[in-house]
>>> print(open('run.tsv').read())   # TSV, C-alpha atoms (C1' of nucleotides)
chain	number	residue	atom	x	y	z
A	1	MET	CA	-134.04	-9.92	-1.90
A	2	ALA	CA	-132.83	-7.00	-3.92
A	3	SER	CA	-132.50	-4.95	-0.76
A	4	ASP	CA	-130.51	-7.81	0.69
A	5	PHE	CA	-127.93	-7.37	-2.07
A	6	GLU	CA	-128.02	-3.64	-1.43
A	7	ALA	CA	-127.20	-4.26	2.23
A	8	GLN	CA	-124.37	-6.60	1.28
A	9	LEU	CA	-122.87	-3.99	-1.02
A	10	ARG	CA	-123.16	-1.22	1.54
A	11	ALA	CA	-121.67	-3.44	4.24
A	12	ALA	CA	-118.65	-3.84	1.97
A	13	SER	CA	-118.64	-0.08	1.35
A	14	LEU	CA	-119.29	-0.60	-2.33
A	15	ARG	CA	-121.62	1.68	-4.23
A	16	VAL	CA	-125.00	0.22	-5.11
A	17	THR	CA	-125.38	0.10	-8.88
A	18	ARG	CA	-127.72	-1.78	-11.15
A	19	PRO	CA	-124.97	-3.87	-12.77
A	20	ARG	CA	-123.78	-5.01	-9.35
A	21	LEU	CA	-127.28	-5.94	-8.17
A	22	ALA	CA	-127.85	-7.82	-11.43
A	23	VAL	CA	-124.59	-9.76	-11.08
A	24	LEU	CA	-125.42	-10.73	-7.50
A	25	ALA	CA	-128.87	-11.91	-8.59
A	26	ALA	CA	-127.39	-13.89	-11.47
A	27	LEU	CA	-124.94	-15.64	-9.17
A	28	ARG	CA	-127.64	-16.40	-6.60
A	29	ASP	CA	-129.73	-18.12	-9.29
A	30	HIS	CA	-126.87	-19.76	-11.21
A	31	PRO	CA	-123.97	-21.08	-9.18
A	32	HIS	CA	-120.62	-21.77	-10.88
A	33	VAL	CA	-121.18	-19.70	-14.02
A	34	ASP	CA	-118.41	-18.27	-16.17
A	35	THR	CA	-118.03	-14.60	-17.02
A	36	ASP	CA	-119.67	-14.93	-20.39
A	37	THR	CA	-122.77	-16.49	-18.88
A	38	VAL	CA	-122.89	-13.79	-16.24
A	39	ILE	CA	-122.82	-11.20	-19.01
A	40	SER	CA	-125.76	-12.88	-20.78
A	41	LEU	CA	-127.74	-13.20	-17.56
A	42	VAL	CA	-127.14	-9.59	-16.61
A	43	ARG	CA	-128.13	-8.39	-20.07
A	44	ALA	CA	-131.48	-10.14	-19.75
A	45	ASP	CA	-132.28	-7.39	-17.25
A	46	LEU	CA	-129.98	-4.60	-18.38
A	47	PRO	CA	-129.39	-5.00	-22.11
A	48	SER	CA	-126.80	-2.29	-22.41
A	49	VAL	CA	-124.29	-3.40	-19.79
A	50	SER	CA	-120.78	-3.63	-21.19
A	51	HIS	CA	-118.66	-6.72	-20.80
A	52	GLN	CA	-116.07	-4.57	-19.10
A	53	ALA	CA	-118.61	-3.55	-16.46
A	54	VAL	CA	-119.24	-7.20	-15.64
A	55	TYR	CA	-115.51	-7.90	-15.40
A	56	ASP	CA	-115.13	-4.87	-13.11
A	57	VAL	CA	-118.09	-5.88	-10.96
A	58	LEU	CA	-116.88	-9.47	-10.59
A	59	ARG	CA	-113.48	-8.22	-9.56
A	60	ALA	CA	-114.90	-5.74	-7.05
A	61	LEU	CA	-117.22	-8.34	-5.55
A	62	THR	CA	-114.43	-10.90	-5.39
A	63	ASP	CA	-112.06	-8.46	-3.72
A	64	ALA	CA	-114.78	-7.56	-1.23
A	65	GLY	CA	-115.36	-11.25	-0.49
A	66	LEU	CA	-118.98	-11.20	-1.64
A	67	VAL	CA	-118.33	-13.75	-4.36
A	68	ARG	CA	-115.68	-16.35	-4.90
A	69	ARG	CA	-113.74	-16.97	-8.06
A	70	ILE	CA	-112.99	-20.57	-8.98
A	71	GLU	CA	-110.76	-21.57	-11.83
A	72	PRO	CA	-110.45	-25.28	-12.47
A	73	ALA	CA	-107.42	-26.15	-14.59
A	74	GLY	CA	-108.11	-25.82	-18.28
A	75	ALA	CA	-111.34	-23.87	-17.85
A	76	THR	CA	-112.22	-20.20	-17.78
A	77	ALA	CA	-112.96	-18.46	-14.48
A	78	ARG	CA	-116.26	-19.20	-12.76
A	79	TYR	CA	-117.96	-17.44	-9.89
A	80	GLU	CA	-120.21	-18.38	-7.00
A	81	SER	CA	-121.90	-16.42	-4.26
A	82	ARG	CA	-121.52	-19.09	-1.59
A	83	VAL	CA	-118.61	-17.71	0.38
A	84	GLY	CA	-116.97	-17.91	3.75
A	85	ASP	CA	-117.50	-21.60	4.42
A	86	ASN	CA	-114.36	-23.15	2.95
A	87	HIS	CA	-116.17	-25.63	0.75
A	88	HIS	CA	-114.66	-27.44	-2.22
A	89	HIS	CA	-115.71	-28.58	-5.70
A	90	VAL	CA	-116.12	-31.67	-7.85
A	91	VAL	CA	-115.44	-31.00	-11.51
A	92	CYS	CA	-116.52	-33.23	-14.39
A	93	ARG	CA	-113.64	-33.90	-16.76
A	94	SER	CA	-115.85	-34.31	-19.80
A	95	CYS	CA	-118.48	-31.57	-19.51
A	96	GLY	CA	-117.00	-29.23	-16.90
A	97	ALA	CA	-119.98	-29.42	-14.57
A	98	ILE	CA	-119.23	-28.31	-11.02
A	99	ALA	CA	-120.86	-29.30	-7.74
A	100	ASP	CA	-120.14	-28.20	-4.18
A	101	VAL	CA	-118.49	-30.50	-1.68
A	102	ASP	CA	-118.34	-29.72	2.00
A	103	CYS	CA	-115.07	-30.18	3.75
A	104	ALA	CA	-115.11	-33.76	4.97
A	105	VAL	CA	-112.83	-33.55	7.95
A	106	GLY	CA	-114.27	-30.57	9.76
A	107	HIS	CA	-113.44	-26.93	9.60
A	108	THR	CA	-110.45	-25.88	7.44
A	109	PRO	CA	-108.88	-29.28	8.03
A	110	CYS	CA	-106.83	-29.49	4.92
A	111	LEU	CA	-104.84	-26.46	6.04
A	112	THR	CA	-102.32	-28.86	7.48
A	113	ALA	CA	-99.68	-29.70	4.95
A	114	SER	CA	-97.20	-32.48	5.68
A	115	ASP	CA	-94.28	-30.14	5.02
A	116	ASP	CA	-95.03	-26.51	4.35
A	117	HIS	CA	-91.49	-25.62	3.16
A	118	GLY	CA	-91.64	-22.51	5.32
A	119	PHE	CA	-94.67	-21.16	3.51
A	120	VAL	CA	-97.30	-19.38	5.60
A	121	ILE	CA	-100.41	-21.19	4.39
A	122	ASP	CA	-103.75	-19.43	4.59
A	123	GLU	CA	-105.98	-21.61	2.43
A	124	ALA	CA	-106.22	-25.14	1.17
A	125	GLU	CA	-108.18	-25.56	-2.04
A	126	VAL	CA	-109.38	-29.01	-3.03
A	127	VAL	CA	-110.61	-29.94	-6.48
A	128	TYR	CA	-112.07	-33.40	-6.98
A	129	TRP	CA	-111.83	-34.51	-10.60
A	130	GLY	CA	-114.13	-37.11	-12.05
A	131	THR	CA	-117.16	-37.79	-14.19
A	132	CYS	CA	-120.61	-36.42	-13.46
A	133	PRO	CA	-123.67	-38.71	-13.37
A	134	ASP	CA	-124.91	-37.45	-16.76
A	135	CYS	CA	-121.62	-38.05	-18.55
A	136	ALA	CA	-121.14	-41.40	-16.83
A	137	SER	CA	-124.52	-42.75	-17.97
A	138	ARG	CA	-124.06	-41.27	-21.43
A	139	ARG	CA	-120.79	-43.14	-21.71
A	140	ILE	CA	-122.40	-46.45	-20.78
A	141	ALA	CA	-125.37	-45.92	-23.12
A	142	GLN	CA	-123.20	-44.54	-25.89
B	1	MET	CA	-79.42	-39.91	-18.08
B	2	ALA	CA	-80.27	-39.12	-21.66
B	3	SER	CA	-80.77	-42.81	-22.39
B	4	ASP	CA	-83.08	-42.89	-19.41
B	5	PHE	CA	-85.35	-40.40	-21.12
B	6	GLU	CA	-85.10	-42.43	-24.29
B	7	ALA	CA	-86.31	-45.50	-22.42
B	8	GLN	CA	-89.18	-43.53	-20.91
B	9	LEU	CA	-90.28	-42.34	-24.33
B	10	ARG	CA	-90.06	-45.80	-25.87
B	11	ALA	CA	-91.96	-47.31	-22.97
B	12	ALA	CA	-94.75	-44.86	-23.73
B	13	SER	CA	-94.48	-45.74	-27.45
B	14	LEU	CA	-93.49	-42.20	-28.29
B	15	ARG	CA	-90.85	-41.47	-30.88
B	16	VAL	CA	-87.50	-40.35	-29.56
B	17	THR	CA	-86.79	-36.84	-30.83
B	18	ARG	CA	-84.37	-34.17	-29.75
B	19	PRO	CA	-87.07	-31.70	-28.72
B	20	ARG	CA	-88.63	-34.34	-26.48
B	21	LEU	CA	-85.34	-35.27	-24.85
B	22	ALA	CA	-84.58	-31.59	-24.32
B	23	VAL	CA	-87.97	-30.95	-22.71
B	24	LEU	CA	-87.55	-33.91	-20.37
B	25	ALA	CA	-84.08	-32.69	-19.39
B	26	ALA	CA	-85.39	-29.16	-18.81
B	27	LEU	CA	-88.14	-30.45	-16.54
B	28	ARG	CA	-85.76	-32.68	-14.63
B	29	ASP	CA	-83.53	-29.70	-13.87
B	30	HIS	CA	-86.27	-27.12	-13.35
B	31	PRO	CA	-89.42	-28.29	-11.62
B	32	HIS	CA	-92.63	-26.24	-11.96
B	33	VAL	CA	-91.65	-24.18	-15.00
B	34	ASP	CA	-94.11	-22.59	-17.39
B	35	THR	CA	-94.19	-23.20	-21.13
B	36	ASP	CA	-92.25	-20.07	-21.97
B	37	THR	CA	-89.41	-21.05	-19.66
B	38	VAL	CA	-89.38	-24.54	-21.13
B	39	ILE	CA	-89.05	-22.99	-24.57
B	40	SER	CA	-86.06	-20.91	-23.44
B	41	LEU	CA	-84.41	-23.88	-21.73
B	42	VAL	CA	-84.89	-26.11	-24.75
B	43	ARG	CA	-83.49	-23.45	-27.09
B	44	ALA	CA	-80.32	-23.28	-25.04
B	45	ASP	CA	-79.59	-26.71	-26.54
B	46	LEU	CA	-81.59	-26.61	-29.74
B	47	PRO	CA	-81.85	-22.97	-30.86
B	48	SER	CA	-84.22	-23.60	-33.72
B	49	VAL	CA	-87.03	-25.39	-31.91
B	50	SER	CA	-90.40	-23.80	-32.57
B	51	HIS	CA	-92.72	-22.82	-29.76
B	52	GLN	CA	-95.32	-25.06	-31.32
B	53	ALA	CA	-93.00	-28.05	-31.00
B	54	VAL	CA	-92.68	-27.41	-27.27
B	55	TYR	CA	-96.45	-27.12	-26.89
B	56	ASP	CA	-96.86	-30.37	-28.83
B	57	VAL	CA	-94.19	-32.15	-26.82
B	58	LEU	CA	-95.63	-31.02	-23.50
B	59	ARG	CA	-99.05	-32.24	-24.56
B	60	ALA	CA	-97.73	-35.58	-25.76
B	61	LEU	CA	-95.71	-36.12	-22.58
B	62	THR	CA	-98.66	-35.09	-20.43
B	63	ASP	CA	-101.03	-37.43	-22.26
B	64	ALA	CA	-98.51	-40.23	-21.89
B	65	GLY	CA	-98.23	-39.53	-18.17
B	66	LEU	CA	-94.52	-38.73	-18.31
B	67	VAL	CA	-95.05	-35.20	-17.05
B	68	ARG	CA	-97.79	-33.51	-15.10
B	69	ARG	CA	-99.45	-30.24	-15.92
B	70	ILE	CA	-100.33	-27.97	-13.03
B	71	GLU	CA	-102.32	-24.82	-13.40
B	72	PRO	CA	-102.81	-22.78	-10.24
B	73	ALA	CA	-105.68	-20.30	-10.55
B	74	GLY	CA	-104.61	-17.07	-12.20
B	75	ALA	CA	-101.31	-18.44	-13.51
B	76	THR	CA	-100.20	-19.97	-16.78
B	77	ALA	CA	-99.69	-23.71	-17.07
B	78	ARG	CA	-96.64	-25.24	-15.43
B	79	TYR	CA	-95.11	-28.66	-15.80
B	80	GLU	CA	-93.20	-31.09	-13.63
B	81	SER	CA	-91.67	-34.48	-14.24
B	82	ARG	CA	-92.45	-35.88	-10.80
B	83	VAL	CA	-95.46	-38.05	-11.58
B	84	GLY	CA	-97.41	-40.96	-10.27
B	85	ASP	CA	-97.18	-40.19	-6.57
B	86	ASN	CA	-100.23	-38.03	-5.98
B	87	HIS	CA	-98.40	-35.16	-4.38
B	88	HIS	CA	-99.72	-31.65	-4.00
B	89	HIS	CA	-98.43	-28.07	-4.16
B	90	VAL	CA	-97.99	-24.93	-2.09
B	91	VAL	CA	-98.27	-21.77	-4.15
B	92	CYS	CA	-97.07	-18.33	-3.09
B	93	ARG	CA	-99.74	-15.71	-3.64
B	94	SER	CA	-97.28	-12.90	-4.20
B	95	CYS	CA	-94.53	-14.39	-6.38
B	96	GLY	CA	-96.10	-17.59	-7.69
B	97	ALA	CA	-93.36	-19.85	-6.34
B	98	ILE	CA	-94.37	-23.50	-6.08
B	99	ALA	CA	-93.14	-26.25	-3.79
B	100	ASP	CA	-94.13	-29.89	-3.51
B	101	VAL	CA	-96.15	-31.21	-0.61
B	102	ASP	CA	-96.58	-34.89	0.05
B	103	CYS	CA	-100.02	-36.12	0.83
B	104	ALA	CA	-100.34	-35.86	4.59
B	105	VAL	CA	-102.85	-38.58	5.23
B	106	GLY	CA	-101.33	-41.44	3.26
B	107	HIS	CA	-101.96	-42.69	-0.22
B	108	THR	CA	-104.70	-40.95	-2.27
B	109	PRO	CA	-106.50	-40.09	0.94
B	110	CYS	CA	-108.29	-37.02	-0.23
B	111	LEU	CA	-110.20	-39.08	-2.75
B	112	THR	CA	-113.01	-39.29	-0.22
B	113	ALA	CA	-115.44	-36.42	-0.64
B	114	SER	CA	-118.13	-35.87	1.97
B	115	ASP	CA	-120.81	-35.97	-0.72
B	116	ASP	CA	-119.78	-36.82	-4.25
B	117	HIS	CA	-123.12	-35.82	-5.86
B	118	GLY	CA	-122.99	-39.03	-7.91
B	119	PHE	CA	-119.69	-38.06	-9.53
B	120	VAL	CA	-117.17	-40.82	-10.13
B	121	ILE	CA	-114.08	-39.22	-8.60
B	122	ASP	CA	-110.65	-40.29	-9.84
B	123	GLU	CA	-108.38	-37.60	-8.46
B	124	ALA	CA	-108.24	-35.10	-5.65
B	125	GLU	CA	-106.03	-32.12	-6.30
B	126	VAL	CA	-104.97	-29.97	-3.37
B	127	VAL	CA	-103.48	-26.49	-3.69
B	128	TYR	CA	-102.20	-24.81	-0.55
B	129	TRP	CA	-102.17	-21.03	-0.91
B	130	GLY	CA	-99.91	-18.83	1.15
B	131	THR	CA	-96.73	-16.80	1.25
B	132	CYS	CA	-93.29	-18.23	0.58
B	133	PRO	CA	-90.40	-17.62	3.00
B	134	ASP	CA	-88.76	-15.07	0.69
B	135	CYS	CA	-91.89	-12.98	0.24
B	136	ALA	CA	-92.74	-13.24	3.94
B	137	SER	CA	-89.37	-11.89	5.07
B	138	ARG	CA	-89.39	-9.26	2.35
B	139	ARG	CA	-92.73	-8.06	3.67
B	140	ILE	CA	-91.40	-7.76	7.22
B	141	ALA	CA	-88.20	-6.02	6.11
B	142	GLN	CA	-90.06	-3.84	3.61
C	1	DG	C1'	-131.89	20.34	-2.80
C	2	DT	C1'	-127.66	21.18	-5.36
C	3	DA	C1'	-122.91	20.60	-6.46
C	4	DC	C1'	-118.79	18.24	-6.44
C	5	DA	C1'	-115.34	14.47	-6.34
C	6	DA	C1'	-114.69	9.83	-6.58
C	7	DA	C1'	-116.16	5.67	-8.24
C	8	DA	C1'	-118.47	3.10	-12.04
C	9	DC	C1'	-119.49	2.47	-16.59
C	10	DT	C1'	-118.98	2.63	-22.02
C	11	DT	C1'	-116.48	1.93	-26.04
C	12	DG	C1'	-112.87	0.18	-28.44
C	13	DA	C1'	-108.25	-1.36	-28.82
C	14	DA	C1'	-104.42	-4.36	-27.01
C	15	DT	C1'	-102.38	-8.35	-24.80
C	16	DG	C1'	-100.77	-12.96	-24.27
C	17	DA	C1'	-101.18	-17.85	-23.71
C	18	DT	C1'	-102.63	-21.26	-26.52
C	19	DT	C1'	-104.38	-23.48	-30.70
C	20	DC	C1'	-105.13	-24.12	-35.66
C	21	DC	C1'	-103.37	-24.95	-40.22
C	22	DA	C1'	-100.58	-26.15	-44.35
C	23	DG	C1'	-96.45	-27.67	-45.69
C	24	DT	C1'	-91.81	-29.93	-44.65
C	25	DT	C1'	-88.79	-32.94	-42.11
C	26	DT	C1'	-87.70	-37.04	-39.42
C	27	DA	C1'	-88.10	-41.49	-36.94
C	28	DT	C1'	-89.17	-46.14	-37.21
C	29	DG	C1'	-90.92	-50.83	-38.94
C	30	DG	C1'	-90.52	-53.64	-42.84
D	1	DC	C1'	-82.72	-48.51	-47.57
D	2	DC	C1'	-87.95	-47.04	-48.26
D	3	DA	C1'	-92.35	-45.75	-47.22
D	4	DT	C1'	-95.40	-43.79	-44.12
D	5	DA	C1'	-97.07	-41.92	-40.17
D	6	DA	C1'	-95.66	-38.97	-36.62
D	7	DA	C1'	-93.18	-34.64	-35.47
D	8	DC	C1'	-91.75	-30.24	-36.42
D	9	DT	C1'	-91.64	-25.31	-38.70
D	10	DG	C1'	-93.56	-20.85	-39.58
D	11	DG	C1'	-97.17	-17.98	-39.34
D	12	DA	C1'	-101.85	-16.72	-38.64
D	13	DA	C1'	-106.02	-16.96	-35.64
D	14	DT	C1'	-108.61	-17.37	-31.27
D	15	DC	C1'	-110.44	-15.99	-27.01
D	16	DA	C1'	-110.54	-14.64	-22.20
D	17	DT	C1'	-109.02	-10.89	-20.01
D	18	DT	C1'	-107.00	-6.31	-19.37
D	19	DC	C1'	-105.77	-1.51	-20.57
D	20	DA	C1'	-106.95	3.23	-21.64
D	21	DA	C1'	-109.60	7.50	-22.38
D	22	DG	C1'	-113.66	9.68	-21.89
D	23	DT	C1'	-118.57	9.91	-19.92
D	24	DT	C1'	-122.06	8.95	-16.47
D	25	DT	C1'	-123.61	7.97	-11.87
D	26	DT	C1'	-123.39	7.59	-6.87
D	27	DG	C1'	-122.90	9.31	-2.29
D	28	DT	C1'	-121.77	13.26	0.44
D	29	DA	C1'	-121.10	17.83	2.10
D	30	DC	C1'	-122.72	22.40	1.89
>>> encode(input="run.tsv", output="structure tokens")
Amino acid sequence: MASDFEAQLRAASLRVTRPRLAVLAALRDHPHVDTDTVISLVRADLPSVSHQAVYDVLRALTDAGLVRRIEPAGATARYESRVGDNHHHVVCRSCGAIADVDCAVGHTPCLTASDDHGFVIDEAEVVYWGTCPDCASRRIAQ
Amino acid sequence: MASDFEAQLRAASLRVTRPRLAVLAALRDHPHVDTDTVISLVRADLPSVSHQAVYDVLRALTDAGLVRRIEPAGATARYESRVGDNHHHVVCRSCGAIADVDCAVGHTPCLTASDDHGFVIDEAEVVYWGTCPDCASRRIAQ
DNA sequence: GTACAAAACTTGAATGATTCCAGTTTATGG
DNA sequence: CCATAAACTGGAATCATTCAAGTTTTGTAC
């Protein structure tokens, strides 16, 4: 487990530090968390980690491709450790909950735009907006 | 022109004010602009408009469905007056330029997620990420 | 094993888009 | 034309994120 994270970091030629291992563990256990939650989770193990360290770690891991940053409109940045499989997200408009959605049409299908305006496209990001089961039933019950 | 905007506002039961007409005109002439640019454009006509007025107007127009707010990850909010046709956007990673992309597969096609996790989905937003022609050629020329 | 240089981390201040608030002006229905 | 609710002004506050300077730690080379 922990050594797995160590291997991941070394493979990306990143130094192995306790804050980085703690962030990776936090993201494994809690998908789609925002920076503030990551800070809290990390501090459960390492109480004296600075917020700046977490910001630095998240940036380093994102740049290295070990985690993915997602940023639904109107929300703060969130992170997940599921990477490299071009999956998408459903976001609840009322509570902000996020769930993963596999690409329906196959592998990187959406990469085909009807008219790319000369842009060289390297990624298609899909966000499905709606209401999560919890919020939907809460609305009916009221 | 101007009276067209007036009709739009009245149809949405919004009061017709100069700041609102100016914002609508700015968005007609400049698609995909951020709030700060809207403020500058509006002040070209009405020098004494407060930034808060523009924020309020953009919110009112967005809520009324007269303009659409887009917020690519890592960028500030942008607005466009092309609404109601479920189109998408290509965003340049290096300069932030945005272009419109019609939905390739027909009308609201993307609304079908492979597994919706019980969410009631009402919109699928697609962002194509890449490099715009200008930035691409600049990179080659260097 | 020790030492060194680069990379990470700590602390604390700064930034910038956006929102909040109290008071004033303006648009619209009667 | 009047009254009232909606809009707007000016200015302060918020909050995620970044910047900056100094200290600690990691990995490596001797």
>>> interface_residues(input="run.tsv", of="chain B", to="chain A", cutoff="10 Å", atoms="all atoms listed in the file", output="MDAnalysis selection string")
chainID B and resid 69:77 88:93 98:105 110:136
>>> closest_atom_pairs(input="run.tsv", of="chain B", to="chain D", cutoff="12 Å", atoms="all atoms listed in the file", output="Markdown table")
| residue | atom | partner | partner_atom | distance |
| --- | --- | --- | --- | --- |
| B:Ser13 | CA | D:DA6 | C1' | 11.5 |
| B:Leu14 | CA | D:DA6 | C1' | 9.2 |
| B:Arg15 | CA | D:DA6 | C1' | 7.9 |
| B:Val16 | CA | D:DA7 | C1' | 10.0 |
| B:Thr17 | CA | D:DA7 | C1' | 8.2 |
| B:Arg18 | CA | D:DA7 | C1' | 10.5 |
| B:Pro19 | CA | D:DC8 | C1' | 9.1 |
| B:Arg20 | CA | D:DA7 | C1' | 10.1 |
| B:Ser48 | CA | D:DT9 | C1' | 9.1 |
| B:Val49 | CA | D:DC8 | C1' | 8.1 |
| B:Ser50 | CA | D:DT9 | C1' | 6.4 |
| B:His51 | CA | D:DT9 | C1' | 9.3 |
| B:Gln52 | CA | D:DC8 | C1' | 8.1 |
| B:Ala53 | CA | D:DC8 | C1' | 6.0 |
| B:Val54 | CA | D:DC8 | C1' | 9.6 |
| B:Tyr55 | CA | D:DC8 | C1' | 11.1 |
| B:Asp56 | CA | D:DA7 | C1' | 8.7 |
| B:Val57 | CA | D:DA7 | C1' | 9.1 |
| B:Ala60 | CA | D:DA7 | C1' | 10.8 |
| B:Gly74 | CA | D:DT17 | C1' | 10.9 |
>>> atom_distance(input="run.tsv", atom1="CA of Asp85 in chain B", atom2="CA of Leu66 in chain B")
12.1 Å
>>> interface_residues(input="run.tsv", of="chain C", to="chain A", cutoff="12 Å", atoms="all atoms listed in the file", output="ChimeraX atom specification")
/C:6-12,17-18
>>> atom_distance(input="run.tsv", atom1="CA of Asp34 in chain A", atom2="CA of Glu80 in chain A")
9.3 Å
>>> atom_distance(input="run.tsv", atom1="CA of Ala25 in chain B", atom2="CA of Leu41 in chain B")
9.1 Å
>>> closest_residue(input="run.tsv", among="B:Arg138, B:Thr62, B:Arg28, B:Ala22", to="Arg43 in chain B", atoms="all atoms listed in the file")
B:Ala22
>>> residues_around(input="run.tsv", residues="Arg68 in chain B", least_positions_apart="3", cutoff="9 Å", atoms="only C-alpha atoms (C1' of nucleotides)", output="JSON list (two decimals) with C-alpha atoms, keeping the file's coordinate frame")
[["chain", "number", "residue", "atom", "x", "y", "z"],
["B", 61, "LEU", "CA", -95.71, -36.12, -22.58],
["B", 62, "THR", "CA", -98.66, -35.09, -20.43],
["B", 63, "ASP", "CA", -101.03, -37.43, -22.26],
["B", 65, "GLY", "CA", -98.23, -39.53, -18.17],
["B", 78, "ARG", "CA", -96.64, -25.24, -15.43],
["B", 79, "TYR", "CA", -95.11, -28.66, -15.80],
["B", 80, "GLU", "CA", -93.20, -31.09, -13.63],
["B", 81, "SER", "CA", -91.67, -34.48, -14.24],
["B", 82, "ARG", "CA", -92.45, -35.88, -10.80],
["B", 83, "VAL", "CA", -95.46, -38.05, -11.58],
["B", 84, "GLY", "CA", -97.41, -40.96, -10.27]]
>>> decode(input="run.tsv", residues="range 13-26 of chain C", atoms="C-alpha atoms (C1' of nucleotides)", output="mmCIF file, in the first residue's frame")
data_model
loop_
_atom_site.group_PDB
_atom_site.id
_atom_site.type_symbol
_atom_site.label_atom_id
_atom_site.label_comp_id
_atom_site.auth_asym_id
_atom_site.auth_seq_id
_atom_site.Cartn_x
_atom_site.Cartn_y
_atom_site.Cartn_z
ATOM 1 C "C1'" DA C 13 1.695 38.022 3.744
ATOM 2 C "C1'" DA C 14 -0.490 39.210 -0.813
ATOM 3 C "C1'" DT C 15 -3.594 38.655 -4.691
ATOM 4 C "C1'" DG C 16 -7.788 38.770 -7.244
ATOM 5 C "C1'" DA C 17 -12.334 37.327 -8.535
ATOM 6 C "C1'" DT C 18 -16.461 37.533 -6.399
ATOM 7 C "C1'" DT C 19 -19.854 38.614 -2.819
ATOM 8 C "C1'" DC C 20 -21.909 41.183 1.026
ATOM 9 C "C1'" DC C 21 -23.914 45.325 2.859
ATOM 10 C "C1'" DA C 22 -26.111 49.902 3.608
ATOM 11 C "C1'" DG C 23 -27.773 53.596 1.420
ATOM 12 C "C1'" DT C 24 -29.430 55.995 -2.955
ATOM 13 C "C1'" DT C 25 -31.462 56.106 -7.481
ATOM 14 C "C1'" DT C 26 -34.580 54.514 -11.091
#
